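What follows is the content of entry_23.tsv (TSV, C-alpha atoms and all ligand atoms).
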```tsv
chain	number	residue	atom	x	y	z
A	24	MET	CA	24.88	-31.82	-5.24
A	25	ARG	CA	24.11	-28.29	-6.41
A	26	ILE	CA	21.69	-26.44	-4.13
A	27	GLY	CA	19.83	-23.38	-5.42
A	28	VAL	CA	18.68	-20.58	-3.15
A	29	LEU	CA	16.01	-18.00	-3.90
A	30	THR	CA	14.32	-15.12	-2.02
A	31	GLY	CA	10.78	-14.17	-3.10
A	32	GLY	CA	8.06	-11.65	-2.19
A	33	GLY	CA	8.66	-8.50	-0.15
A	34	ASP	CA	12.17	-8.22	1.23
A	35	ALA	CA	12.75	-8.47	4.97
A	36	PRO	CA	15.73	-7.91	7.28
A	37	GLY	CA	17.45	-11.25	7.82
A	38	LEU	CA	17.22	-12.60	4.26
A	39	ASN	CA	20.97	-12.24	3.81
A	40	ALA	CA	21.59	-14.05	7.08
A	41	ALA	CA	19.51	-16.95	5.71
A	42	ILE	CA	21.30	-16.94	2.32
A	43	ARG	CA	24.64	-16.99	4.15
A	44	ALA	CA	23.49	-19.89	6.34
A	45	VAL	CA	22.31	-21.92	3.32
A	46	ALA	CA	25.56	-21.31	1.44
A	47	ARG	CA	27.91	-21.88	4.38
A	48	ARG	CA	26.24	-25.14	5.47
A	49	GLY	CA	26.12	-26.28	1.84
A	50	PHE	CA	29.85	-25.61	1.37
A	51	GLN	CA	30.66	-27.27	4.69
A	52	LEU	CA	28.86	-30.45	3.60
A	53	GLY	CA	30.76	-30.47	0.30
A	54	HIS	CA	28.04	-29.13	-2.03
A	55	GLN	CA	27.88	-26.33	-4.57
A	56	VAL	CA	25.43	-23.48	-4.24
A	57	SER	CA	23.72	-21.33	-6.89
A	58	GLY	CA	21.89	-18.07	-6.25
A	59	VAL	CA	18.68	-17.39	-8.18
A	60	LYS	CA	18.22	-13.65	-8.74
A	61	ASN	CA	14.95	-11.73	-8.35
A	62	GLY	CA	12.74	-14.45	-6.87
A	63	TRP	CA	10.78	-16.67	-9.26
A	64	ALA	CA	11.56	-14.24	-12.11
A	65	GLY	CA	15.10	-15.67	-11.98
A	66	CYS	CA	13.73	-19.10	-12.98
A	67	LEU	CA	11.68	-17.76	-15.88
A	68	GLU	CA	14.31	-15.58	-17.54
A	69	GLU	CA	17.75	-16.57	-18.76
A	70	GLY	CA	20.98	-15.42	-17.13
A	71	LEU	CA	19.73	-14.96	-13.59
A	72	ILE	CA	21.22	-18.05	-11.90
A	73	ASP	CA	24.86	-17.82	-10.82
A	74	GLU	CA	27.32	-19.78	-8.73
A	75	LEU	CA	27.64	-18.46	-5.15
A	76	THR	CA	31.17	-18.53	-3.76
A	77	PRO	CA	32.29	-18.19	-0.13
A	78	ALA	CA	33.36	-14.62	-1.00
A	79	ASP	CA	29.82	-13.78	-2.19
A	80	VAL	CA	28.35	-14.50	1.24
A	81	ARG	CA	31.13	-12.95	3.30
A	82	GLY	CA	30.11	-9.88	5.35
A	83	ILE	CA	26.40	-10.08	4.49
A	84	LEU	CA	25.06	-11.18	7.92
A	85	PRO	CA	24.26	-7.62	9.11
A	86	LEU	CA	22.92	-6.38	5.76
A	87	GLY	CA	19.24	-5.69	5.10
A	88	GLY	CA	17.62	-6.45	1.74
A	89	THR	CA	18.77	-9.51	-0.20
A	90	ILE	CA	21.94	-9.89	-2.25
A	91	LEU	CA	19.90	-12.04	-4.64
A	92	GLY	CA	17.16	-9.47	-5.27
A	93	THR	CA	13.48	-10.39	-5.06
A	94	SER	CA	10.19	-9.96	-6.90
A	95	ARG	CA	6.51	-10.75	-6.61
A	96	THR	CA	6.57	-12.77	-9.87
A	97	ASN	CA	4.10	-15.66	-9.81
A	98	PRO	CA	5.08	-18.46	-12.24
A	99	ALA	CA	1.75	-20.18	-11.62
A	100	LYS	CA	0.11	-17.34	-13.56
A	101	GLU	CA	2.40	-17.84	-16.60
A	102	LYS	CA	1.74	-20.39	-19.32
A	103	ASP	CA	3.60	-23.62	-18.31
A	104	GLY	CA	5.19	-21.48	-15.59
A	105	ILE	CA	6.00	-24.28	-13.12
A	106	SER	CA	7.54	-26.57	-15.76
A	107	ARG	CA	9.57	-23.64	-17.16
A	108	VAL	CA	10.90	-22.93	-13.65
A	109	ILE	CA	11.97	-26.56	-13.26
A	110	GLU	CA	13.53	-26.64	-16.74
A	111	THR	CA	15.60	-23.52	-15.99
A	112	LEU	CA	16.80	-24.93	-12.66
A	113	ARG	CA	17.77	-28.23	-14.34
A	114	HIS	CA	19.48	-26.34	-17.16
A	115	HIS	CA	21.68	-24.74	-14.49
A	116	ALA	CA	22.33	-28.17	-12.92
A	117	VAL	CA	20.46	-27.21	-9.77
A	118	ASP	CA	19.41	-30.44	-8.00
A	119	ALA	CA	17.32	-28.96	-5.19
A	120	LEU	CA	16.06	-25.53	-4.16
A	121	VAL	CA	15.84	-23.63	-0.86
A	122	THR	CA	12.98	-21.15	-1.20
A	123	ILE	CA	13.02	-18.31	1.33
A	124	GLY	CA	9.61	-16.62	1.37
A	125	GLY	CA	6.14	-16.01	2.73
A	126	ASP	CA	2.83	-17.66	1.81
A	127	ASP	CA	2.88	-16.63	-1.86
A	128	THR	CA	6.47	-17.70	-2.55
A	129	LEU	CA	6.04	-20.94	-0.59
A	130	SER	CA	2.81	-21.77	-2.42
A	131	VAL	CA	4.87	-21.80	-5.64
A	132	ALA	CA	7.56	-23.90	-3.90
A	133	ALA	CA	4.84	-26.42	-3.00
A	134	LYS	CA	3.89	-26.66	-6.69
A	135	LEU	CA	7.53	-27.39	-7.59
A	136	HIS	CA	7.59	-30.15	-5.00
A	137	ASP	CA	4.29	-31.57	-6.33
A	138	ALA	CA	5.83	-31.56	-9.82
A	139	GLY	CA	8.75	-33.66	-8.52
A	140	PHE	CA	11.45	-31.00	-8.04
A	141	PRO	CA	13.11	-31.24	-4.58
A	142	THR	CA	12.28	-28.05	-2.70
A	143	VAL	CA	12.56	-26.97	0.94
A	144	GLY	CA	11.35	-23.65	2.38
A	145	VAL	CA	12.47	-21.08	4.95
A	146	PRO	CA	9.74	-18.86	6.52
A	147	LYS	CA	10.00	-15.12	5.84
A	148	THR	CA	7.55	-12.25	6.17
A	149	ILE	CA	7.48	-9.17	8.35
A	150	ASP	CA	3.72	-9.75	8.54
A	151	ASN	CA	4.45	-12.86	10.70
A	152	ASP	CA	1.28	-14.49	9.41
A	153	LEU	CA	2.50	-17.95	8.39
A	154	SER	CA	0.62	-20.65	10.22
A	155	VAL	CA	2.38	-23.00	12.69
A	156	THR	CA	5.75	-21.24	12.90
A	157	GLU	CA	6.51	-18.93	15.84
A	158	PHE	CA	9.10	-17.14	13.75
A	159	CYS	CA	9.26	-15.49	10.32
A	160	ILE	CA	12.39	-13.71	9.14
A	161	GLY	CA	12.01	-9.93	9.39
A	162	PHE	CA	9.20	-9.64	11.93
A	163	ASP	CA	11.38	-8.90	14.95
A	164	THR	CA	13.24	-6.12	13.15
A	165	ALA	CA	10.01	-4.59	11.83
A	166	VAL	CA	8.57	-4.55	15.37
A	167	GLY	CA	11.72	-2.75	16.51
A	168	VAL	CA	11.20	-0.07	13.85
A	169	VAL	CA	7.59	0.49	14.97
A	170	THR	CA	8.59	0.63	18.64
A	171	ASP	CA	11.33	3.15	17.97
A	172	ALA	CA	8.95	5.28	15.87
A	173	LEU	CA	6.34	5.28	18.66
A	174	ASP	CA	8.93	6.34	21.24
A	175	ARG	CA	9.81	9.30	19.01
A	176	LEU	CA	6.20	10.16	18.18
A	177	HIS	CA	5.24	10.17	21.87
A	178	THR	CA	7.50	13.12	22.62
A	179	THR	CA	6.30	15.26	19.73
A	180	ALA	CA	2.62	14.26	20.26
A	181	SER	CA	2.86	15.24	23.91
A	182	ALA	CA	4.60	18.55	23.13
A	183	HIS	CA	1.81	19.60	20.73
A	184	HIS	CA	-1.15	17.86	22.45
A	185	ARG	CA	-1.93	16.10	19.21
A	186	VAL	CA	-3.42	12.86	18.01
A	187	MET	CA	-0.83	10.87	16.05
A	188	VAL	CA	-2.04	8.19	13.64
A	189	VAL	CA	0.72	5.73	12.72
A	190	GLU	CA	0.05	3.43	9.74
A	191	VAL	CA	2.12	0.24	9.74
A	192	MET	CA	2.36	-2.74	7.39
A	193	GLY	CA	0.09	-5.75	7.82
A	194	ARG	CA	-1.90	-6.87	4.83
A	195	ASP	CA	-4.24	-9.41	6.39
A	196	THR	CA	-3.03	-9.65	9.97
A	197	GLY	CA	-2.06	-7.17	12.67
A	198	TRP	CA	1.04	-8.73	14.21
A	199	VAL	CA	3.42	-5.84	13.49
A	200	ALA	CA	0.81	-3.28	14.57
A	201	LEU	CA	-0.13	-5.10	17.76
A	202	ILE	CA	3.27	-6.22	19.01
A	203	GLY	CA	4.98	-2.98	17.91
A	204	GLY	CA	2.06	-1.00	19.37
A	205	ILE	CA	2.16	-2.75	22.74
A	206	ALA	CA	5.94	-2.41	22.94
A	207	GLY	CA	5.72	1.28	22.00
A	208	GLY	CA	2.81	2.10	24.33
A	209	ALA	CA	0.17	2.92	21.69
A	210	ASP	CA	-3.16	4.12	23.14
A	211	LEU	CA	-5.29	2.44	20.48
A	212	ILE	CA	-4.36	-0.30	18.01
A	213	ILE	CA	-6.54	-1.13	15.01
A	214	ILE	CA	-5.80	-4.37	13.14
A	215	PRO	CA	-7.44	-6.35	10.30
A	216	GLU	CA	-8.67	-9.12	12.62
A	217	PHE	CA	-11.03	-6.87	14.61
A	218	GLU	CA	-13.17	-4.15	13.05
A	219	VAL	CA	-13.36	-0.88	15.02
A	220	PRO	CA	-16.15	1.63	14.24
A	221	LEU	CA	-15.07	5.25	13.89
A	222	THR	CA	-17.46	6.17	16.74
A	223	ASP	CA	-15.39	3.95	19.07
A	224	VAL	CA	-12.16	5.66	17.97
A	225	VAL	CA	-13.68	9.09	18.57
A	226	GLY	CA	-15.16	7.97	21.92
A	227	HIS	CA	-11.76	6.68	22.99
A	228	LEU	CA	-10.09	10.01	22.18
A	229	TYR	CA	-12.74	12.02	24.05
A	230	ARG	CA	-12.41	9.74	27.08
A	231	ARG	CA	-8.66	10.26	27.16
A	232	ARG	CA	-9.05	14.04	26.92
A	233	GLY	CA	-11.61	13.85	29.72
A	234	GLU	CA	-9.01	12.07	31.86
A	235	GLY	CA	-6.55	14.89	31.20
A	236	LYS	CA	-4.50	12.97	28.64
A	237	LEU	CA	-3.92	15.62	26.03
A	238	PHE	CA	-2.34	13.47	23.33
A	239	SER	CA	-3.04	10.06	21.85
A	240	ILE	CA	-1.16	7.62	19.65
A	241	ILE	CA	-3.23	5.39	17.34
A	242	VAL	CA	-1.51	2.55	15.48
A	243	ILE	CA	-3.41	1.23	12.48
A	244	ALA	CA	-2.40	-1.69	10.25
A	245	GLU	CA	-2.66	-0.89	6.53
A	246	GLY	CA	-5.22	-3.68	6.06
A	247	ALA	CA	-7.43	-2.72	9.04
A	248	HIS	CA	-11.14	-2.09	8.70
A	249	VAL	CA	-12.92	0.98	9.96
A	250	PRO	CA	-16.38	0.60	8.36
A	251	GLU	CA	-17.07	4.33	7.92
A	252	LEU	CA	-13.75	4.77	6.10
A	253	GLU	CA	-14.38	1.84	3.72
A	254	ARG	CA	-17.22	3.85	2.23
A	255	GLU	CA	-14.93	6.79	1.55
A	256	GLN	CA	-12.30	4.63	-0.14
A	257	GLY	CA	-14.30	3.49	-3.16
A	258	GLY	CA	-12.86	0.90	-5.57
A	259	ASN	CA	-9.24	2.03	-5.72
A	260	ALA	CA	-7.63	-1.42	-6.00
A	261	GLU	CA	-4.34	-2.02	-7.83
A	262	LYS	CA	-3.33	-5.71	-7.46
A	263	ASP	CA	-0.04	-7.65	-7.59
A	264	ALA	CA	0.62	-10.99	-9.39
A	265	PHE	CA	-0.71	-12.94	-6.41
A	266	GLY	CA	-3.95	-10.92	-6.43
A	267	HIS	CA	-3.22	-8.76	-3.38
A	268	ILE	CA	-4.40	-5.15	-3.30
A	269	ARG	CA	-1.55	-2.63	-2.91
A	270	LEU	CA	-2.59	-1.33	0.49
A	271	ALA	CA	-0.08	1.52	0.65
A	272	LYS	CA	-2.24	3.20	-2.01
A	273	ARG	CA	-5.35	2.68	0.09
A	274	GLY	CA	-4.02	5.14	2.68
A	275	VAL	CA	-6.14	4.04	5.63
A	276	GLY	CA	-3.96	6.04	8.08
A	277	ASP	CA	-4.55	9.25	6.18
A	278	LEU	CA	-8.29	8.62	5.95
A	279	LEU	CA	-8.48	7.88	9.67
A	280	ALA	CA	-6.49	11.00	10.60
A	281	GLY	CA	-8.78	13.16	8.43
A	282	ALA	CA	-11.94	11.62	9.89
A	283	VAL	CA	-10.68	11.94	13.49
A	284	GLU	CA	-9.75	15.60	13.09
A	285	HIS	CA	-13.05	16.34	11.36
A	286	ARG	CA	-15.15	14.68	14.10
A	287	THR	CA	-13.22	15.79	17.19
A	288	GLY	CA	-11.48	19.01	16.22
A	289	PHE	CA	-8.32	17.58	17.86
A	290	GLU	CA	-5.23	18.45	15.86
A	291	THR	CA	-4.15	15.20	14.18
A	292	ARG	CA	-1.09	14.14	12.20
A	293	VAL	CA	-0.34	10.93	10.32
A	294	THR	CA	2.92	9.01	9.89
A	295	VAL	CA	3.12	6.13	7.41
A	296	LEU	CA	6.07	3.92	8.34
A	297	GLY	CA	5.83	1.96	5.08
A	298	HIS	CA	9.00	0.35	3.77
A	299	LEU	CA	11.12	1.70	6.63
A	300	GLN	CA	9.80	-1.41	8.43
A	301	ARG	CA	11.45	-3.67	5.87
A	302	GLY	CA	14.76	-1.85	5.64
A	303	GLY	CA	17.99	-1.75	7.60
A	304	SER	CA	20.07	-4.18	9.55
A	305	PRO	CA	18.33	-7.27	11.02
A	306	SER	CA	17.90	-7.61	14.79
A	307	PRO	CA	19.88	-10.31	16.66
A	308	VAL	CA	16.72	-12.46	16.85
A	309	ASP	CA	16.21	-12.28	13.06
A	310	ARG	CA	19.89	-13.04	12.45
A	311	LEU	CA	19.91	-16.01	14.81
A	312	TRP	CA	16.74	-17.69	13.52
A	313	ALA	CA	17.48	-16.97	9.86
A	314	THR	CA	20.78	-18.73	10.52
A	315	ARG	CA	19.27	-21.71	12.34
A	316	LEU	CA	16.51	-22.22	9.77
A	317	GLY	CA	18.82	-21.69	6.77
A	318	VAL	CA	21.20	-24.36	8.10
A	319	ALA	CA	18.26	-26.69	8.85
A	320	ALA	CA	16.89	-26.26	5.30
A	321	VAL	CA	20.16	-27.42	3.74
A	322	GLU	CA	20.38	-30.37	6.10
A	323	LEU	CA	16.87	-31.44	5.07
A	324	ILE	CA	17.82	-31.26	1.39
A	325	VAL	CA	20.95	-33.30	1.99
A	326	GLN	CA	18.80	-35.90	3.79
A	327	GLY	CA	16.71	-36.15	0.59
A	328	LYS	CA	13.65	-34.35	2.03
A	329	SER	CA	11.34	-32.16	-0.07
A	330	GLY	CA	8.04	-30.31	0.39
A	331	VAL	CA	8.92	-29.42	3.97
A	332	ILE	CA	9.97	-26.32	5.88
A	333	PRO	CA	11.94	-25.90	9.10
A	334	ILE	CA	10.06	-23.66	11.54
A	335	ARG	CA	10.35	-22.50	15.16
A	336	ARG	CA	8.01	-24.32	17.54
A	337	ASN	CA	8.26	-24.11	21.33
A	338	GLY	CA	11.52	-22.24	20.90
A	339	ASP	CA	13.19	-25.01	18.90
A	340	VAL	CA	13.55	-26.02	15.25
A	341	ASP	CA	10.79	-28.32	14.00
A	342	VAL	CA	9.92	-29.49	10.48
A	343	VAL	CA	6.45	-29.44	8.90
A	344	PRO	CA	5.01	-29.93	5.38
A	345	PHE	CA	4.52	-26.82	3.21
A	346	ALA	CA	0.76	-27.32	3.38
A	347	ASP	CA	0.72	-26.75	7.15
A	348	VAL	CA	2.37	-23.35	6.76
A	349	VAL	CA	0.47	-21.92	3.79
A	350	GLN	CA	-3.02	-23.36	4.11
A	351	GLU	CA	-4.25	-20.66	6.48
A	352	GLN	CA	-2.93	-17.43	7.98
A	353	ARG	CA	-1.92	-17.10	11.60
A	354	ARG	CA	-4.17	-14.40	12.95
A	355	VAL	CA	-3.89	-12.35	16.14
A	356	PRO	CA	-5.97	-14.03	18.88
A	357	ARG	CA	-8.54	-11.93	20.76
A	358	ASP	CA	-6.85	-12.25	24.18
A	359	LEU	CA	-3.61	-10.77	22.86
A	360	TYR	CA	-5.53	-8.02	21.04
A	361	GLU	CA	-7.43	-7.16	24.22
A	362	LEU	CA	-4.20	-6.90	26.22
A	363	ASN	CA	-3.67	-3.38	24.90
A	364	GLN	CA	-7.08	-2.24	26.08
A	365	VAL	CA	-5.66	-2.27	29.61
A	366	PHE	CA	-3.46	0.68	28.65
A	367	GLY	CA	-5.57	2.80	26.27
B	401	LIG	O1	3.60	-8.99	2.44
B	401	LIG	C1	4.41	-8.21	3.23
B	401	LIG	C2	4.14	-6.76	3.09
B	401	LIG	O2	5.05	-6.20	3.95
B	401	LIG	C3	2.70	-6.31	3.40
B	401	LIG	O3	2.47	-6.02	4.74
B	401	LIG	C4	2.54	-5.12	2.52
B	401	LIG	O4	1.20	-4.91	2.17
B	401	LIG	C5	3.34	-5.46	1.32
B	401	LIG	O5	4.40	-6.27	1.80
B	401	LIG	C6	3.83	-4.27	0.53
B	401	LIG	O6	4.87	-4.65	-0.28
B	401	LIG	P1	5.37	-3.95	-1.64
B	401	LIG	O7	5.13	-2.49	-1.51
B	401	LIG	O8	6.81	-4.32	-1.69
B	401	LIG	O9	4.60	-4.58	-2.74
```

If you took the structure in this file and wrote it as structure tokens, what would it be?
Amino acid sequence: MRIGVLTGGGDAPGLNAAIRAVARRGFQLGHQVSGVKNGWAGCLEEGLIDELTPADVRGILPLGGTILGTSRTNPAKEKDGISRVIETLRHHAVDALVTIGGDDTLSVAAKLHDAGFPTVGVPKTIDNDLSVTEFCIGFDTAVGVVTDALDRLHTTASAHHRVMVVEVMGRDTGWVALIGGIAGGADLIIIPEFEVPLTDVVGHLYRRRGEGKLFSIIVIAEGAHVPELEREQGGNAEKDAFGHIRLAKRGVGDLLAGAVEHRTGFETRVTVLGHLQRGGSPSPVDRLWATRLGVAAVELIVQGKSGVIPIRRNGDVDVVPFADVVQEQRRVPRDLYELNQVFG
């Protein structure tokens, strides 16, 4: 059998560990492996599917990014996109595909499966918002970046008695902001799941000053809602092929920092962590689970399974249909969100 492997959507640390796992388990079971370059774009254009050899996947375990490249191309938006993808894969003698991606990439994988092409997924997104699975490739490393940044920002915030606003990724959910913020000792965390009025932010900062705490660290997810700031933003909304607004351009951290300084007079600075959260070497947790799930994906394909995805549940590998993972987003529950209010 020839197994194809593809990485789609935003890159995340651990993708190469997963590619290596898919290839190595495929070779071990006596199969051939092809790498599809640049996500779904590699199945719509010619010349982007190549044989992967053992040498191609040697030494890539600790590398960030993806040796295959990625894109946010959405074949479902192209004329006959899904059938063209399948035609290209068949033309390259690919019998089944391992699709490593988040909700957008996996929603396309589900369409391939529905159209009769054998496809298995592997969960990836630093946003950690796929339903059912306890693990998505890249999340653990991204949390580590946020935690490290907060440790550094604490010392400079305290030296200057400043408010530091730290904008982190998180389009629809606040997992990176909340878990990174708790681990890094943030004083206030604002995430998309729970709206926070600007008056509450200002009140929080005054209370801290009143208690003699002369600096504050606010973590805000890029997709968070502060009603008073929404009004200032207007309709600045550039969208990607899956219809998502490019939040980095929205600049909610900058808006919040400006509003806080204006209303309190406290000197305020903003740091946007941006793509630093997606770069660099994967953490041991990301390496381990990318490896386990990559191996599991190939084993499912070899067993003739399709339309399913190995996930982590109760600390072990489990297998669920695509639909379970992409039908709704996993959102931060209130009790976890409220945990940080003990420390603010
Ligand atoms: O979907 C993952 C994500 O990390 C989001 O949190 C963020 O909005 C988006 O990617 C930004 O990605 P890019 O700048 O690569 O389009």

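Near A:Ala206, within 10 Å and counting all atoms listed in the file, sit A:Val166, A:Gly167, A:Val169, A:Thr170, A:Asp171, A:Leu173, A:Asp174, A:Ala200, A:Leu201, A:Ile202, A:Gly203, A:Gly204, A:Gly208, A:Ala209, A:Asn363; same-chain residues fewer than 2 positions away were not included.
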
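Contacts with ligand LIG 401 (chain B) are defined as any residue atom within 7 Å of a ligand atom, using all atoms listed in the file; the residues meeting this criterion are Gly32, Gly33, Thr148, Ile149, Asp150, Met192, Gly193, Arg194, Arg269, Leu270 and Ala271 of chain A.
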
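Counting from atom CA of A:Pro98, the distance to atom CA of A:Gly62 is 10.2 Å.
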
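With distances restricted to all atoms listed in the file, A:Asp118 is the closest residue to A:Gly27 from A:Glu68, A:Glu110, A:Asp118, A:Asp103.
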
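Residue neighbourhood of A:Gly49, excluding near-sequence residues (fewer than 3 positions): Arg25, Ile26, Ala44, Val45, Ala46, Leu52, Gly53, His54, Gln55, Val56, Val318, Val321, Glu322 and Val325 of chain A, at 9 Å, using only C-alpha atoms.
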
Q: Grab the atom CA of A:Leu86 to atom CA of A:Asn39 distance for me, in Å with one decimal place.
A: 6.5 Å

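The interatomic distance for the pair atom CA of A:Val331 and atom CA of A:Val143 works out to 5.3 Å.
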
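Among the candidate residues A:Ile324, A:Ser181, A:Gly197, A:Tyr360, the one lying nearest to A:Thr291 is A:Ser181, with distances computed using all atoms listed in the file.
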
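Minimum distance to A:Asp263 across A:Thr96, A:Val188, A:Thr178, A:Ile83 (counting all atoms listed in the file) occurs at A:Thr96.
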
Neighbours of stretch 299-303 of chain A within 6 Å (all atoms listed in the file; same-chain residues fewer than 4 positions away dropped), as a short mmCIF file (atom, residue, chain, number, x, y, z; two decimals) with C-alpha atoms, in the coordinates of the input?
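Output below, filename result04.cif:
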```
data_model
loop_
_atom_site.label_atom_id
_atom_site.label_comp_id
_atom_site.auth_asym_id
_atom_site.auth_seq_id
_atom_site.Cartn_x
_atom_site.Cartn_y
_atom_site.Cartn_z
CA ALA A 35 12.75 -8.47 4.97
CA GLY A 87 19.24 -5.69 5.10
CA ALA A 165 10.01 -4.59 11.83
CA VAL A 168 11.20 -0.07 13.85
#
```

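Considering the residues A:Gly327, A:Tyr229, A:Ala264, A:Glu234 and counting all atoms listed in the file, A:Phe289 has its shortest atom-to-atom contact with A:Tyr229.
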
Q) Once you count only C-alpha atoms, which residues end up no further than 9 Å from (13.0, -23.1, 14.8) in the file's frame, shown as an MDAnalysis selection string? A) chainID A and resid 156:158 312 315:316 319 333:342

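Among A:Ile243, A:Leu221, A:Val295, A:Leu129, the residue with the shortest atom-to-atom distance to A:Val283, counting only C-alpha atoms, is A:Leu221.
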
Q.
List the spatial neighbours of A:Ile241 as an MDAnalysis selection string - criterion: any atom at most 8 Å away, all atoms listed in the file, same-chain residues fewer than 3 positions off excluded.
A. chainID A and resid 186:189 209:213

Padding of 3 Å on every side, edges along x, y and z, all listed atoms of stretch 325-342 of chain A included: what centre and edge lengths in Å, to one decimal, does that box have, as AutoDock Vina command-line options?
```
--center_x 14.5 --center_y -29.2 --center_z 10.6 --size_x 18.9 --size_y 19.9 --size_z 27.4
```

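Across A:Val108, A:Val275, A:Val199, A:Val293, the tightest approach to A:Ser239 is made by A:Val293 when counting all atoms listed in the file.
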
Q: Step by step: start from the point (-0.6, -15.2, 17.2) in the file's coordinates, keep every protein, DNA or RNA residue that has an atom no farther than 9 Å from it, count only C-alpha atoms, and write the set as a PyMOL selection string.
A: chain A and resi 151-152+154+157+198+353-356+359
